Structures are given as C-alpha cells and as structure tokens.
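Heads up, target.tsv below (TSV, C-alpha atoms and all ligand atoms):
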```tsv
chain	number	residue	atom	x	y	z
A	1	MET	CA	-6.12	-12.19	-3.06
A	2	THR	CA	-5.59	-15.62	-4.66
A	3	GLY	CA	-4.46	-18.99	-3.38
A	4	LYS	CA	-0.89	-18.14	-4.34
A	5	SER	CA	-0.70	-16.13	-1.13
A	6	MET	CA	-2.54	-18.65	1.04
A	7	THR	CA	-0.91	-19.57	4.34
A	8	TYR	CA	-1.06	-23.03	5.89
A	9	LEU	CA	-3.08	-22.66	9.10
A	10	PHE	CA	-0.74	-24.81	11.16
A	11	SER	CA	2.40	-22.92	10.04
A	12	SER	CA	3.91	-20.57	12.64
A	13	ALA	CA	2.24	-17.54	10.98
A	14	GLY	CA	-1.11	-19.38	10.85
A	15	LYS	CA	-0.89	-20.45	14.49
A	16	ALA	CA	-0.13	-16.86	15.49
A	17	ALA	CA	-3.26	-15.67	13.64
A	18	LEU	CA	-5.31	-18.37	15.36
A	19	LYS	CA	-4.02	-17.27	18.75
A	20	THR	CA	-5.29	-13.75	18.09
A	21	PHE	CA	-8.66	-14.97	16.88
A	22	VAL	CA	-9.63	-17.83	19.20
A	23	HIS	CA	-11.63	-16.51	22.13
A	24	ARG	CA	-14.86	-17.36	23.92
A	25	THR	CA	-16.61	-14.51	22.12
A	26	THR	CA	-15.40	-15.62	18.69
A	27	LEU	CA	-18.05	-17.15	16.45
A	28	PHE	CA	-16.84	-20.54	15.18
A	29	ALA	CA	-18.57	-21.23	11.85
A	30	PHE	CA	-18.32	-24.28	9.61
A	31	ASP	CA	-19.55	-25.54	6.28
A	32	LEU	CA	-20.77	-29.17	6.41
A	33	ASP	CA	-19.96	-31.26	3.29
A	34	GLY	CA	-16.24	-31.52	2.64
A	35	THR	CA	-15.48	-29.61	5.86
A	36	LEU	CA	-17.01	-31.42	8.86
A	37	ALA	CA	-17.79	-34.54	6.81
A	38	PRO	CA	-15.62	-36.09	4.08
A	39	ILE	CA	-17.06	-35.90	0.54
A	40	VAL	CA	-18.47	-39.22	-0.67
A	41	ALA	CA	-19.84	-40.19	-4.11
A	42	ASP	CA	-23.45	-40.22	-2.87
A	43	PRO	CA	-24.15	-36.90	-1.02
A	44	GLY	CA	-27.00	-38.64	0.82
A	45	LYS	CA	-24.43	-40.80	2.61
A	46	ILE	CA	-22.10	-38.23	4.11
A	47	ALA	CA	-21.16	-38.88	7.72
A	48	ILE	CA	-19.42	-36.71	10.29
A	49	PRO	CA	-16.75	-38.82	12.02
A	50	ASP	CA	-17.69	-39.45	15.68
A	51	ASP	CA	-14.58	-37.72	17.04
A	52	VAL	CA	-15.34	-34.58	14.99
A	53	ARG	CA	-18.98	-34.56	16.14
A	54	ASN	CA	-18.00	-34.99	19.80
A	55	ARG	CA	-15.50	-32.14	19.64
A	56	LEU	CA	-18.03	-29.94	17.90
A	57	ILE	CA	-20.62	-30.60	20.61
A	58	GLU	CA	-18.00	-29.73	23.23
A	59	LEU	CA	-17.08	-26.48	21.46
A	60	ASP	CA	-20.77	-25.62	21.07
A	61	ARG	CA	-21.13	-25.77	24.89
A	62	MET	CA	-18.21	-23.37	25.37
A	63	ALA	CA	-18.55	-20.81	22.57
A	64	PRO	CA	-20.89	-19.59	19.80
A	65	VAL	CA	-21.00	-22.17	16.97
A	66	ALA	CA	-22.73	-21.88	13.59
A	67	ILE	CA	-23.03	-24.34	10.74
A	68	ILE	CA	-23.73	-22.72	7.39
A	69	THR	CA	-24.53	-25.27	4.71
A	70	GLY	CA	-26.02	-25.62	1.24
A	71	ARG	CA	-28.30	-28.39	2.53
A	72	SER	CA	-31.73	-27.61	3.92
A	73	ARG	CA	-31.73	-27.35	7.72
A	74	LYS	CA	-33.87	-30.48	7.99
A	75	ASP	CA	-31.46	-32.52	5.88
A	76	ALA	CA	-28.40	-31.07	7.67
A	77	LEU	CA	-29.84	-31.98	11.09
A	78	LEU	CA	-30.15	-35.63	10.03
A	79	HIS	CA	-26.43	-35.74	9.28
A	80	LEU	CA	-25.29	-33.60	12.21
A	81	GLY	CA	-26.94	-35.62	14.95
A	82	PHE	CA	-27.10	-32.58	17.23
A	83	THR	CA	-28.47	-29.04	17.03
A	84	PRO	CA	-25.75	-26.39	17.00
A	85	GLY	CA	-26.27	-22.86	18.35
A	86	PHE	CA	-26.99	-21.71	14.80
A	87	LEU	CA	-27.84	-23.80	11.77
A	88	VAL	CA	-28.20	-21.88	8.52
A	89	GLY	CA	-29.37	-23.86	5.50
A	90	ASN	CA	-29.79	-23.34	1.75
A	91	HIS	CA	-26.49	-21.43	1.31
A	92	GLY	CA	-27.66	-18.66	3.69
A	93	ALA	CA	-31.32	-18.46	2.61
A	94	GLU	CA	-32.78	-20.43	5.55
A	95	GLY	CA	-32.57	-20.04	9.33
A	96	LEU	CA	-31.25	-16.51	9.74
A	97	PRO	CA	-32.65	-14.48	12.64
A	98	GLY	CA	-35.02	-11.75	11.40
A	99	ARG	CA	-35.30	-13.19	7.86
A	100	GLU	CA	-38.12	-15.70	8.46
A	101	ALA	CA	-40.70	-13.82	6.35
A	102	TYR	CA	-38.48	-13.98	3.28
A	103	GLU	CA	-38.30	-17.77	3.48
A	104	THR	CA	-42.02	-18.13	2.67
A	105	GLU	CA	-41.46	-15.98	-0.40
A	106	TYR	CA	-38.47	-18.13	-1.45
A	107	VAL	CA	-40.46	-21.36	-1.11
A	108	HIS	CA	-43.14	-19.88	-3.40
A	109	LEU	CA	-40.49	-18.77	-5.91
A	110	CYS	CA	-38.91	-22.24	-5.99
A	111	ARG	CA	-42.29	-23.84	-6.63
A	112	GLY	CA	-42.61	-21.67	-9.77
A	113	TRP	CA	-39.12	-22.56	-10.99
A	114	LYS	CA	-39.82	-26.23	-10.40
A	115	GLU	CA	-42.91	-26.13	-12.64
A	116	GLN	CA	-40.94	-24.36	-15.38
A	117	LEU	CA	-38.04	-26.82	-15.11
A	118	HIS	CA	-40.41	-29.76	-15.48
A	119	MET	CA	-41.37	-28.29	-18.87
A	120	PHE	CA	-37.88	-27.23	-19.97
A	121	LEU	CA	-36.19	-30.50	-18.90
A	122	GLU	CA	-38.73	-33.09	-19.97
A	123	ASN	CA	-35.95	-35.65	-20.48
A	124	ARG	CA	-34.38	-34.98	-17.05
A	125	SER	CA	-34.61	-38.52	-15.65
A	126	THR	CA	-33.18	-40.18	-18.78
A	127	ALA	CA	-30.46	-37.52	-18.94
A	128	GLY	CA	-29.45	-38.32	-15.35
A	129	ILE	CA	-30.67	-35.04	-13.82
A	130	VAL	CA	-32.09	-35.14	-10.29
A	131	LEU	CA	-34.11	-32.11	-9.20
A	132	GLU	CA	-33.89	-31.63	-5.45
A	133	ASP	CA	-36.44	-29.30	-3.84
A	134	LYS	CA	-34.81	-27.89	-0.71
A	135	GLY	CA	-37.60	-25.46	0.16
A	136	SER	CA	-35.87	-22.08	-0.16
A	137	THR	CA	-33.60	-23.20	-3.03
A	138	LEU	CA	-33.50	-25.87	-5.76
A	139	SER	CA	-30.61	-28.11	-6.76
A	140	LEU	CA	-30.14	-29.79	-10.12
A	141	HIS	CA	-27.76	-32.71	-9.68
A	142	TYR	CA	-26.09	-34.30	-12.71
A	143	ARG	CA	-23.46	-36.47	-11.01
A	144	SER	CA	-25.00	-39.67	-12.41
A	145	ALA	CA	-25.38	-38.36	-16.01
A	146	HIS	CA	-23.61	-40.38	-18.74
A	147	ASN	CA	-22.36	-37.23	-20.40
A	148	ARG	CA	-21.93	-34.70	-17.59
A	149	GLU	CA	-20.63	-31.92	-19.83
A	150	TRP	CA	-23.61	-32.13	-22.21
A	151	THR	CA	-26.09	-32.46	-19.34
A	152	HIS	CA	-24.58	-29.46	-17.57
A	153	LYS	CA	-25.10	-27.37	-20.74
A	154	GLU	CA	-28.73	-28.56	-20.95
A	155	ILE	CA	-29.25	-27.48	-17.33
A	156	LEU	CA	-27.66	-24.06	-17.87
A	157	THR	CA	-29.85	-23.46	-20.96
A	158	ALA	CA	-33.00	-24.32	-18.96
A	159	VAL	CA	-31.91	-22.16	-16.01
A	160	ASP	CA	-31.34	-19.27	-18.36
A	161	ARG	CA	-35.03	-19.39	-19.37
A	162	LEU	CA	-36.41	-19.21	-15.81
A	163	VAL	CA	-38.66	-16.32	-14.82
A	164	PRO	CA	-37.84	-14.57	-12.55
A	165	PRO	CA	-34.15	-15.39	-12.97
A	166	PRO	CA	-32.45	-17.17	-10.05
A	167	ARG	CA	-28.91	-16.65	-8.83
A	168	PRO	CA	-27.18	-19.80	-10.10
A	169	VAL	CA	-24.51	-21.19	-7.81
A	170	SER	CA	-22.36	-23.97	-9.24
A	171	GLY	CA	-21.15	-26.84	-7.09
A	172	LYS	CA	-19.60	-30.25	-7.66
A	173	PHE	CA	-21.89	-31.75	-10.39
A	174	VAL	CA	-24.77	-29.59	-9.16
A	175	GLU	CA	-26.34	-26.28	-10.16
A	176	ASN	CA	-28.08	-24.60	-7.21
A	177	LEU	CA	-30.83	-22.08	-7.90
A	178	VAL	CA	-31.00	-19.41	-5.23
A	179	PRO	CA	-33.47	-16.49	-5.01
A	180	MET	CA	-31.74	-13.36	-6.28
A	181	ASP	CA	-32.05	-11.40	-3.02
A	182	ALA	CA	-31.41	-14.32	-0.62
A	183	SER	CA	-28.47	-14.02	1.74
A	184	HIS	CA	-25.32	-15.85	0.72
A	185	LYS	CA	-22.95	-17.47	3.21
A	186	GLY	CA	-20.99	-14.24	3.72
A	187	ASP	CA	-24.17	-12.27	4.53
A	188	ALA	CA	-25.26	-15.11	6.84
A	189	LEU	CA	-22.02	-15.04	8.81
A	190	LEU	CA	-22.15	-11.26	9.26
A	191	CYS	CA	-25.82	-11.48	10.30
A	192	ILE	CA	-25.08	-14.06	13.04
A	193	MET	CA	-22.05	-12.08	14.28
A	194	GLN	CA	-24.22	-9.00	14.60
A	195	HIS	CA	-27.07	-10.94	16.23
A	196	LEU	CA	-24.75	-12.43	18.86
A	197	GLY	CA	-22.52	-9.39	19.26
A	198	CYS	CA	-19.43	-11.37	18.21
A	199	SER	CA	-16.67	-9.05	17.07
A	200	ARG	CA	-14.71	-11.89	15.43
A	201	ALA	CA	-15.41	-15.08	13.54
A	202	ILE	CA	-13.50	-18.03	12.15
A	203	PHE	CA	-15.07	-19.74	9.15
A	204	ILE	CA	-13.98	-23.02	7.59
A	205	GLY	CA	-15.27	-24.17	4.20
A	206	ASP	CA	-14.20	-25.99	1.06
A	207	ASP	CA	-16.43	-25.10	-1.87
A	208	GLU	CA	-17.40	-22.33	-4.27
A	209	THR	CA	-20.26	-21.04	-2.07
A	210	ASP	CA	-17.79	-20.63	0.82
A	211	GLU	CA	-15.91	-18.12	-1.30
A	212	ASP	CA	-18.77	-15.69	-0.50
A	213	VAL	CA	-17.32	-15.61	3.02
A	214	PHE	CA	-13.67	-15.55	1.92
A	215	ARG	CA	-14.31	-12.69	-0.51
A	216	LEU	CA	-15.58	-10.46	2.31
A	217	SER	CA	-11.91	-9.72	3.07
A	218	ASN	CA	-13.03	-8.62	6.53
A	219	ASP	CA	-10.20	-8.23	9.06
A	220	ASN	CA	-12.48	-9.59	11.79
A	221	ILE	CA	-13.13	-12.85	9.94
A	222	LEU	CA	-10.46	-15.50	9.64
A	223	GLY	CA	-11.28	-17.60	6.55
A	224	VAL	CA	-9.86	-21.10	6.25
A	225	ARG	CA	-10.26	-23.27	3.16
A	226	VAL	CA	-10.08	-27.05	3.37
A	227	GLY	CA	-7.52	-27.70	0.64
A	228	MET	CA	-5.20	-25.24	-1.07
A	229	SER	CA	-6.63	-23.67	-4.25
A	230	PRO	CA	-5.01	-21.10	-6.54
A	231	LEU	CA	-8.47	-19.63	-7.23
A	232	SER	CA	-9.59	-19.18	-3.62
A	233	SER	CA	-9.87	-15.83	-1.85
A	234	SER	CA	-9.27	-17.52	1.50
A	235	ARG	CA	-6.19	-16.36	3.39
A	236	TYR	CA	-5.55	-19.65	5.22
A	237	TYR	CA	-5.91	-23.31	4.34
A	238	LEU	CA	-5.89	-26.77	5.87
A	239	ARG	CA	-4.21	-29.52	3.85
A	240	ASN	CA	-7.26	-31.78	3.92
A	241	GLN	CA	-10.48	-32.58	5.75
A	242	ASP	CA	-8.67	-34.90	8.19
A	243	GLU	CA	-7.17	-31.84	9.90
A	244	ILE	CA	-10.57	-30.59	11.16
A	245	GLY	CA	-10.32	-32.71	14.33
A	246	VAL	CA	-6.96	-31.18	15.25
A	247	LEU	CA	-8.31	-27.70	14.60
A	248	LEU	CA	-11.35	-28.33	16.82
A	249	ASP	CA	-9.00	-29.56	19.57
A	250	ARG	CA	-7.06	-26.32	19.31
A	251	PHE	CA	-10.28	-24.26	19.52
A	252	ILE	CA	-11.40	-26.21	22.61
A	253	GLU	CA	-8.01	-26.09	24.38
A	254	THR	CA	-7.64	-22.34	23.85
A	255	THR	CA	-11.17	-21.35	24.89
A	256	ASP	CA	-11.00	-23.74	27.87
A	257	LYS	CA	-7.95	-21.91	29.27
A	258	GLU	CA	-9.81	-18.62	29.40
A	259	ILE	CA	-11.56	-17.43	32.50
A	260	PRO	CA	-15.30	-17.63	31.80
A	261	PRO	CA	-16.80	-14.13	31.36
A	262	VAL	CA	-19.13	-14.80	34.32
A	263	MET	CA	-16.11	-14.50	36.71
A	264	TYR	CA	-15.91	-10.80	35.96
A	265	GLN	CA	-19.49	-10.08	36.96
B	301	MG	MG	-18.67	-27.90	1.36
```

Translate this file's structure into structure tokens.
Ligand SMILES: [Mg+2]
Amino acid sequence: MTGKSMTYLFSSAGKAALKTFVHRTTLFAFDLDGTLAPIVADPGKIAIPDDVRNRLIELDRMAPVAIITGRSRKDALLHLGFTPGFLVGNHGAEGLPGREAYETEYVHLCRGWKEQLHMFLENRSTAGIVLEDKGSTLSLHYRSAHNREWTHKEILTAVDRLVPPPRPVSGKFVENLVPMDASHKGDALLCIMQHLGCSRAIFIGDDETDEDVFRLSNDNILGVRVGMSPLSSSRYYLRNQDEIGVLLDRFIETTDKEIPPVMYQ
C-alpha cells in the first residue's frame, strides 16, 4: 500500500474506522518528535504543548498508553514531563518487557562502534557531525554540516566499515545505528500488545522508523501518519501535527463513554 490510497483520519471513512478501534482495551501508541511535539530546528528543544500533555495524561489514566520513540528513555522522559504506562526508547531497542538482558549487549556493541567511528571520522567536528551515544543505539547528526550531502556520504562510508555491521536507520539529517537483532518499532508495538493482552492498537507516527509499524499491515493495528506521504505504508493520515490534540480528545471522549470493565465483575 502507498500514500496514494491513504485516507484522512477525520473523513467519514476514517471516523468510522476510529469508532471500531477506540476502546478501553485498545493500546494507544505514539511516536514523540513530530507527533506529540512539533519538529524544531534543534532537536534538544522540542516541547510537547501543554494541552497535548494534559490530554495524554488523562488518556493514560483511562487506557493503555505507550510512547515509542527514537530517543533514549532518559531523554524522552525529560521532554514528556510524565511517565506513560509504557515508554520504549531507541527505536524499539530499549524498555521492552522481557528484553532487558539484550540491552546490556547493545550498550556494549555501541561502545565498539563508537571507538571505530572515532577513527573513521577523525574530522567529524569540523565536518559538522555530532555523535550521540544513546546507550542501546548511536546517532550521527549532520544537520549543522555546511555540505550536508557530502557529510552524509562520509557518514555512510564510515558506517559501511563498522564491525559487526549495524542496521542503519535514516532520519531527518541523522543516521541511526541500531543493533541488527534489536526490535524495531513494529516489533515493540506487537510485544506491548501481547504483554498487556490488547487485541487492538492505534499507532501515530511521522517518520521513516514509524513505517516499521505501518508496514506490519496488521488488521488489528490502525496506523496513522502525521502528514500525507506518497511513500508511506500507513492507511490513515492526519493533515499536520496540530491535529493531535483533537485526536486525543476523541480518544478520551469515546473511552470515557464506555462502562468501565470493573462494572461487569
Ligand atoms: Mg517522529
């Protein structure tokens, strides 16, 4: 499926799909940058608007909520300002139930890559490359490079020499290096659904790594991309990040109308 067949989430067909999916036992999962928080030039300065944060906290009290981000959990927590039911960091490599032992292995692996990159990219600071150590993954930022295209090629050449090879994941002016067998965002979502016994999930994201969820093409997962894209595998889209607040309202209103499961006991 490509973006040509994407449906606007607030169209009548999109609203009908939402009605089927939104339930107290649905897992509500979100990416962070570009989804809950608007993209800004300096990624260190992203901020979740207060109204979005408040609605998210409210939803988190009513239903299972997960945030699945490329940031480390520690960094994500600083920007979130609250701890959601599930917080998965490093594109799916950090914070998954039952996968804790692998994280130690990933940290060790990243340390090795970092040493190699220091040799391969001796000119990294003058070339405008910033190496971010996120524990279970590494990120090579080149947003501030004078010649981004040339710098990107330099990075890709260095990454190609790394032993053992990482799984490179491209982002906006960043190359992320992920351990080959680490979970991606799609694996992470399925793992949390299974852990919580959620039969359905709604996931909202905006970037290349979110496509790992959209590509699952799982009938029990409703994928929503922030922004229409002809290359996306997502079935639904929001027009822009500003619509997240309205969507959270809809989630809250619908789950609030349900009789809490405890009434049946
Ligand atoms: Mg994003």

Inset, instruction - Identify, counting all atoms listed in the file, the protein, DNA and RNA residues located within 12 Å of ligand MG 301 (chain B), and give them as a VMD selection string. - result: chain A and resid 30 to 40 43 46 67 to 71 91 170 to 172 185 203 to 211 225 to 227 241

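Ranking A:Val169, A:Ala101, A:Leu117, A:Ile48 by their shortest atom-to-atom distance to Ala76 of chain A, with only C-alpha atoms included, puts A:Ile48 first.
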
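The interatomic distance for the pair atom CA of Met62 of chain A and atom CA of Phe214 of chain A works out to 25.1 Å.
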
Inset, instruction - Show which residues sit within 9 Å of segment 138-154 of chain A, as a PyMOL selection string. Count all atoms listed in the file, and ignore same-chain residues fewer than 5 positions away. - result: chain A and resi 41-42+90+110+113-114+121+124+126-133+159+172-178

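Across the model, the gap from atom CA of Ala201 of chain A to atom CA of Leu96 of chain A is 16.4 Å.
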
Inset, instruction - Using only C-alpha atoms, collect all residues at a distance of at most 12 Å from (-10.0, -30.2, 13.5) as written in the file, then present them as a VMD selection string. - result: chain A and resid 9 to 10 28 30 35 to 37 48 to 49 51 to 56 59 204 224 226 238 to 253

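Distances from A:Arg161, A:Lys15, A:Arg111, A:Arg99 to Thr254 of chain A were compared using all atoms listed in the file, and the smallest one belongs to A:Lys15.
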
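Rounded to one decimal, atom CA of Ser232 of chain A and atom CA of Asp181 of chain A lie 23.8 Å from each other.
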
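The nearest approach to Leu156 of chain A among the residues A:Lys45, A:Glu122, A:Pro168, A:Thr20, with only C-alpha atoms taken into account, belongs to A:Pro168.
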
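When all atoms listed in the file are used to measure the gap to Glu115 of chain A, the shortest distance among A:Leu222, A:Val163, A:Val88, A:Leu196 belongs to A:Val163.
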
Inset, instruction - Using only C-alpha atoms, determine which residues lie at most 8 Å from Asp187 of chain A, disregarding the query and same-chain residues fewer than 4 positions distant; provide the list as a ChimeraX atom specification. - result: /A:92,183,191,213
